[in-house]
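Okay, structure first, notes after.
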Amino acid sequence: MKQTALHHVHTALGAKMVPFAGYDMPVSYEGVNAEHQTVREGVGVFDVSHMGEFLIEGPKALELVQWVTSNDASKLEVGRAQYSCLPNAEGGIVDDLIVYRVKEETYLLVVNASNIEKDWEHISAHNAGIGAEMRNLSDAYSLLAIQGPKASEAMQSLTSVDLEAIPFYHFEVADFAGCPHVIISATGYTGSGGFEIYCKNSEVEQVWEKVMAAGEPYGIKPIGLAARDTLRLEMGYCLYGNDIDDTTSPLEAGLGWITKLGTDFVNRDGLAAQKETGVTRKLIGFELLERGIPRQGYELVDAEGNLIGKVTSGTMSPSLGKGIGLGYADLAWAQPGQTVYVQIRKNRVPAQIVKPPFYKG
């Protein structure tokens, strides 16, 4: 089991640690609901250093990034980031990721922890005929997500950059918490604003301590993976391994907006054909109309009990106080306003199809 550079800090704080994507990670500190509300109303910090970072460099860098990702990386200017996915040849998704253009010929790809090895092999295989320079920085870098509406104000004293002036999905490479070259990215997985900070493992403990000190007047708290999941689910953000995987098409998953069919990439023709013929199922959001908690793997059924889909993610929403979830449903059952049923053990619980985000902020 791997550990992040801050593992000892989490255990000293009394975090409940669990195995996740090959790492021993903090799932909660004081409880998911309290941590969730801290991020929605104030500011919290997550250690998400288990994520993977690949550097793609050189004159062939854009060619490789453009070929393996579904979004249009040629539109990226230096200092901008882009949500994208790695399509596979069979119509599914190898992973979802964020692409950063760090310099003219340098791109940083940030991938999911559970897919680091798979993604590296996938990109390397496609690079064989292209010849871009690739470096896997995953074991050398740490990532802190400082999230919440008070994040900018709380962290401003730690940097010379005007944090409020960094637009969403933009970033600066600048001084932060006494470290001279840190990526300060206006991105996150919570829907409540904030930043993601990329620094070296050797720097992260100093960064963590200064972040906690600067955030103290704002009520900053450490946040675990359990609240990260409830926060992302309230926004309807996909989680790889639940809502998207090697068998789900980006078009089925509602990711047509990052699937730029005007560019050439792995399996573009297959996805163009699928768009032409239309998908047969779709990722939908739903809210339970009665008490209950939907869980991954539960069946979605119609009023007669006929199978129409499956839940991929579900929880009791801390912000809304009701059960919410994502799942794939047959196209006929994918329209907002329709009523479906979640089979929770012996109970058939009614749910309304809604268009995420569930939490409007």
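Labeling convention for the structure tokens: chains A, B, ... as they appear, residues from 1 per chain, ligands from 1 in order of appearance.
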Check segment 37-215 of chain A with DSSP on the backbone and list each residue it calls alpha helix (DSSP H), as a ChimeraX atom specification. /A:37-41,61-68,116-127,151-155,201-215
What lies within 10 Å of Asn127 of chain A using only C-alpha atoms, ignoring chain neighbours under 4 positions off, as a ChimeraX atom specification? /A:60-61,63-65,67-68,121-123,131-134
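Atom CA of Gln3 of chain A is found 13.5 Å from atom CA of Val204 of chain A.
DSSP annotation of segment 261-290 of chain A from backbone atoms: strand (DSSP E or B) residues are A:Arg281, A:Lys282, A:Leu283, A:Ile284, A:Gly285, A:Phe286, A:Glu287, A:Leu288.
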The selected residues should be written to file as a JSON list (two decimals), in the first residue's frame (atoms: C-alpha atoms).
```json
[["chain", "number", "residue", "atom", "x", "y", "z"],
["A", 281, "ARG", "CA", -28.72, 4.39, -23.15],
["A", 282, "LYS", "CA", -27.74, 7.54, -21.32],
["A", 283, "LEU", "CA", -26.22, 8.58, -18.00],
["A", 284, "ILE", "CA", -29.03, 10.17, -15.99],
["A", 285, "GLY", "CA", -29.37, 11.94, -12.66],
["A", 286, "PHE", "CA", -32.20, 11.15, -10.28],
["A", 287, "GLU", "CA", -33.55, 12.25, -6.89],
["A", 288, "LEU", "CA", -35.45, 9.86, -4.64]]
```
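The two atoms in question, atom CA of Gln338 of chain A and atom CA of Cys238 of chain A, are spaced 21.6 Å apart.
For the residues A:Leu158, A:Leu137, A:Ala15, A:Ala34, ranking by smallest atom-to-atom distance to Phe54 of chain A using only C-alpha atoms places A:Leu137 first.
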What does the distance from atom CA of Glu304 of chain A to atom CA of Ala253 of chain A come to in Å, to one decimal? 26.2 Å
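The protein and nucleic acid residues lying at most 9 Å from Tyr237 of chain A are Tyr189, Thr190, Leu231, Arg232, Leu233, Glu234, Met235, Leu239, Asp243, Pro356 and Pro357 of chain A, with only C-alpha atoms considered and sequence neighbours fewer than 2 positions away removed.
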So that I can check the surroundings of Tyr298 of chain A, please list as number ranges by chain every protein, DNA and RNA residue that reaches within 12 Å of it, counting only C-alpha atoms and ignoring chain neighbours fewer than 5 positions away. A: 292-293, 307-315, 325-328, 341-349
Please provide the set of residues having any atom within 8 Å of Ile93 of chain A, restricted to only C-alpha atoms, with same-chain residues fewer than 3 positions apart removed, written as a ChimeraX atom specification. /A:85-88,96,244-250
Write to file, as a PDB file, in the first residue's frame, the residues of the selection just made, with C-alpha atoms.
```pdb
ATOM      1  CA  CYS A  85     -10.909  11.864 -21.776  1.00  0.00           C
ATOM      2  CA  LEU A  86      -8.756   9.117 -23.282  1.00  0.00           C
ATOM      3  CA  PRO A  87     -10.985   7.159 -25.689  1.00  0.00           C
ATOM      4  CA  ASN A  88     -10.182   3.517 -26.373  1.00  0.00           C
ATOM      5  CA  ASP A  96     -10.898  11.048 -17.782  1.00  0.00           C
ATOM      6  CA  ILE A 244     -17.512   5.937 -16.764  1.00  0.00           C
ATOM      7  CA  ASP A 245     -15.145   3.099 -17.629  1.00  0.00           C
ATOM      8  CA  ASP A 246     -13.684   1.075 -20.513  1.00  0.00           C
ATOM      9  CA  THR A 247     -17.194   0.051 -21.613  1.00  0.00           C
ATOM     10  CA  THR A 248     -19.003   3.422 -21.466  1.00  0.00           C
ATOM     11  CA  SER A 249     -19.016   5.787 -24.423  1.00  0.00           C
ATOM     12  CA  PRO A 250     -18.384   9.489 -23.759  1.00  0.00           C
TER      13      PRO A 250
END
```
Would you list the contacts of segment 166-177 of chain A as a VMD selection string, taking every protein, DNA or RNA residue within 9 Å and counting only C-alpha atoms, but skipping same-chain residues closer than 3 positions in sequence? chain A and resid 78 to 83 100 102 155 157 to 163 180 to 188 193 195 197 206 to 211
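Nearest-residue note for Ser74 of chain A: choosing from A:Gln352, A:Thr280, A:Thr263, A:Ser28, the minimum distance belongs to A:Thr263, counting only C-alpha atoms.
Nearest to Tyr240 of chain A of all the residues A:Ile146, A:Ala227, A:Asp119, A:Asp95 is A:Asp95, based on only C-alpha atoms.
Closest to Ala154 of chain A among A:Gly278, A:Thr69, A:Val27, A:Ile220 is A:Ile220, based on only C-alpha atoms.
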